[in-house]
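Chemist: This is the content of structure25.pdb (PDB, C-alpha atoms):
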ATOM      1  CA  MET A   1    -112.485-114.129 -39.027  1.00  0.00           C
ATOM      2  CA  VAL A   2    -109.505-112.877 -41.026  1.00  0.00           C
ATOM      3  CA  GLU A   3    -108.084-115.286 -43.576  1.00  0.00           C
ATOM      4  CA  LYS A   4    -104.285-115.552 -43.480  1.00  0.00           C
ATOM      5  CA  THR A   5    -102.114-116.524 -46.412  1.00  0.00           C
ATOM      6  CA  ALA A   6     -98.349-116.967 -46.153  1.00  0.00           C
ATOM      7  CA  ILE A   7     -95.670-116.904 -48.819  1.00  0.00           C
ATOM      8  CA  GLN A   8     -91.996-117.659 -48.304  1.00  0.00           C
ATOM      9  CA  LEU A   9     -89.514-114.936 -49.281  1.00  0.00           C
ATOM     10  CA  THR A  10     -85.724-115.059 -49.341  1.00  0.00           C
ATOM     11  CA  PRO A  11     -83.884-111.803 -48.548  1.00  0.00           C
ATOM     12  CA  THR A  12     -81.974-110.218 -51.435  1.00  0.00           C
ATOM     13  CA  LYS A  13     -78.670-108.514 -50.597  1.00  0.00           C
ATOM     14  CA  ILE A  14     -77.977-105.195 -52.329  1.00  0.00           C
ATOM     15  CA  LYS A  15     -74.940-103.116 -51.290  1.00  0.00           C
ATOM     16  CA  GLY A  16     -74.769-104.641 -47.820  1.00  0.00           C
ATOM     17  CA  SER A  17     -78.487-104.235 -47.021  1.00  0.00           C
ATOM     18  CA  LYS A  18     -81.089-106.964 -47.162  1.00  0.00           C
ATOM     19  CA  TYR A  19     -84.460-106.475 -48.861  1.00  0.00           C
ATOM     20  CA  LEU A  20     -87.634-108.520 -49.127  1.00  0.00           C
ATOM     21  CA  LEU A  21     -88.830-108.217 -52.708  1.00  0.00           C
ATOM     22  CA  ILE A  22     -92.547-108.328 -53.448  1.00  0.00           C
ATOM     23  CA  PRO A  23     -93.289-110.751 -56.299  1.00  0.00           C
ATOM     24  CA  LYS A  24     -94.814-108.980 -59.342  1.00  0.00           C
ATOM     25  CA  ASP A  25     -98.059-110.973 -59.256  1.00  0.00           C
ATOM     26  CA  LEU A  26     -98.604-110.168 -55.577  1.00  0.00           C
ATOM     27  CA  ALA A  27     -97.785-106.467 -56.091  1.00  0.00           C
ATOM     28  CA  ARG A  28    -100.280-106.363 -58.973  1.00  0.00           C
ATOM     29  CA  LEU A  29    -102.957-108.131 -56.906  1.00  0.00           C
ATOM     30  CA  LEU A  30    -102.486-105.689 -53.997  1.00  0.00           C
ATOM     31  CA  GLU A  31    -102.172-102.692 -56.362  1.00  0.00           C
ATOM     32  CA  ILE A  32     -98.689-101.822 -55.052  1.00  0.00           C
ATOM     33  CA  GLU A  33     -96.866 -99.465 -57.414  1.00  0.00           C
ATOM     34  CA  ASP A  34     -93.482 -97.694 -57.263  1.00  0.00           C
ATOM     35  CA  LYS A  35     -94.952 -94.720 -55.356  1.00  0.00           C
ATOM     36  CA  SER A  36     -97.119 -96.739 -52.971  1.00  0.00           C
ATOM     37  CA  ILE A  37     -96.458 -96.163 -49.277  1.00  0.00           C
ATOM     38  CA  LEU A  38     -96.267 -99.161 -46.951  1.00  0.00           C
ATOM     39  CA  ASN A  39     -95.829 -99.316 -43.185  1.00  0.00           C
ATOM     40  CA  LEU A  40     -93.768-102.088 -41.537  1.00  0.00           C
ATOM     41  CA  THR A  41     -94.508-103.183 -37.973  1.00  0.00           C
ATOM     42  CA  ILE A  42     -92.446-105.794 -36.126  1.00  0.00           C
ATOM     43  CA  GLU A  43     -94.601-107.792 -33.710  1.00  0.00           C
ATOM     44  CA  GLU A  44     -93.587-110.341 -31.100  1.00  0.00           C
ATOM     45  CA  SER A  45     -95.601-113.557 -31.030  1.00  0.00           C
ATOM     46  CA  SER A  46     -95.330-116.978 -29.445  1.00  0.00           C
ATOM     47  CA  GLU A  47     -93.816-118.152 -32.752  1.00  0.00           C
ATOM     48  CA  GLY A  48     -91.135-115.426 -32.836  1.00  0.00           C
ATOM     49  CA  GLN A  49     -90.974-112.070 -34.574  1.00  0.00           C
ATOM     50  CA  ARG A  50     -93.499-111.245 -37.266  1.00  0.00           C
ATOM     51  CA  LEU A  51     -93.171-108.563 -39.966  1.00  0.00           C
ATOM     52  CA  VAL A  52     -96.547-106.979 -40.715  1.00  0.00           C
ATOM     53  CA  TYR A  53     -96.904-104.678 -43.720  1.00  0.00           C
ATOM     54  CA  ALA A  54     -99.834-102.305 -44.193  1.00  0.00           C
ATOM     55  CA  ILE A  55    -100.555-100.396 -47.403  1.00  0.00           C
ATOM     56  CA  LEU A  56    -101.018 -96.766 -46.338  1.00  0.00           C
ATOM     57  CA  GLU A  57    -101.418 -95.303 -49.829  1.00  0.00           C
ATOM     58  CA  ARG A  58    -101.650 -96.894 -53.223  1.00  0.00           C
ATOM     59  CA  SER A  59     -99.926 -95.041 -56.059  1.00  0.00           C
ATOM     60  CA  SER A  60    -103.191 -93.814 -57.568  1.00  0.00           C
ATOM     61  CA  ASN A  61    -103.927 -92.051 -54.261  1.00  0.00           C
ATOM     62  CA  ALA A  62    -100.378 -90.829 -53.567  1.00  0.00           C
ATOM     63  CA  THR A  63     -99.638 -87.154 -53.958  1.00  0.00           C
ATOM     64  CA  GLU A  64     -96.904 -86.018 -56.297  1.00  0.00           C
ATOM     65  CA  ASN A  65     -93.897 -84.139 -54.841  1.00  0.00           C
TER      66      ASN A  65
END
What is this file in structure tokens?
Modeler:
Amino acid sequence: MVEKTAIQLTPTKIKGSKYLLIPKDLARLLEIEDKSILNLTIEESSEGQRLVYAILERSSNATEN
């Protein structure tokens, strides 16, 4: 069984767009760096819409451009 943990985030508005910022401690725990690549999926559930992020590449594995 997969353990689920939830945190509450408040959108941050920057130049008319809204962003969900990843807290530093969580980014460190998940090894998310500036060049990490994440995928966002929007899923429908009985509780409403759910944003699901997947880490595709961590920065140590990302290729340089």
Chemist: I'd like to see the residues matched by the PyMOL selection byres ((chain A and resi 52-55) around 10) on this file, and ideally I'd get them as JSON, numbers by chain.
Modeler: {"A": [30, 31, 32, 36, 37, 38, 39, 40, 41, 42, 43, 49, 50, 51, 56, 57, 58]}
Chemist: Only C-alpha atoms, please: the residues just picked out, written as a PDB file, keeping the file's coordinate frame.
Modeler:
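Writing the result to part18.pdb gives the following:
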ATOM      1  CA  LEU A  30    -102.486-105.689 -53.997  1.00  0.00           C
ATOM      2  CA  GLU A  31    -102.172-102.692 -56.362  1.00  0.00           C
ATOM      3  CA  ILE A  32     -98.689-101.822 -55.052  1.00  0.00           C
ATOM      4  CA  SER A  36     -97.119 -96.739 -52.971  1.00  0.00           C
ATOM      5  CA  ILE A  37     -96.458 -96.163 -49.277  1.00  0.00           C
ATOM      6  CA  LEU A  38     -96.267 -99.161 -46.951  1.00  0.00           C
ATOM      7  CA  ASN A  39     -95.829 -99.316 -43.185  1.00  0.00           C
ATOM      8  CA  LEU A  40     -93.768-102.088 -41.537  1.00  0.00           C
ATOM      9  CA  THR A  41     -94.508-103.183 -37.973  1.00  0.00           C
ATOM     10  CA  ILE A  42     -92.446-105.794 -36.126  1.00  0.00           C
ATOM     11  CA  GLU A  43     -94.601-107.792 -33.710  1.00  0.00           C
ATOM     12  CA  GLN A  49     -90.974-112.070 -34.574  1.00  0.00           C
ATOM     13  CA  ARG A  50     -93.499-111.245 -37.266  1.00  0.00           C
ATOM     14  CA  LEU A  51     -93.171-108.563 -39.966  1.00  0.00           C
ATOM     15  CA  LEU A  56    -101.018 -96.766 -46.338  1.00  0.00           C
ATOM     16  CA  GLU A  57    -101.418 -95.303 -49.829  1.00  0.00           C
ATOM     17  CA  ARG A  58    -101.650 -96.894 -53.223  1.00  0.00           C
TER      18      ARG A  58
END
Chemist: Quick one: pull the distance between atom CA of A:Gln8 and atom CA of A:Asp34, Å, one decimal.
Modeler: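 Going from atom CA of A:Gln8 over to atom CA of A:Asp34 covers 21.9 Å.
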Chemist: Give, as JSON, the centre coordinates and the x, y and z edge lengths in Å to one decimal for an axis-aligned box around all listed atoms of stretch 10-29 of chain A, padded by 4 Å on each side.
Modeler:
{"center_x": -88.9, "center_y": -109.1, "center_z": -53.2, "size_x": 36.2, "size_y": 19.9, "size_z": 20.3}
Chemist: Any idea what the distance is between atom CA of A:Leu21 and atom CA of A:Ile7?
Modeler: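 Taking atom CA of A:Leu21 as the start and atom CA of A:Ile7 as the end point, the length is 11.7 Å.
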Chemist: Record the distance separating atom CA of A:Tyr19 and atom CA of A:Val2, expressed in Å with one decimal.
Modeler: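 We find that atom CA of A:Tyr19 and atom CA of A:Val2 lie 27.0 Å from each other.
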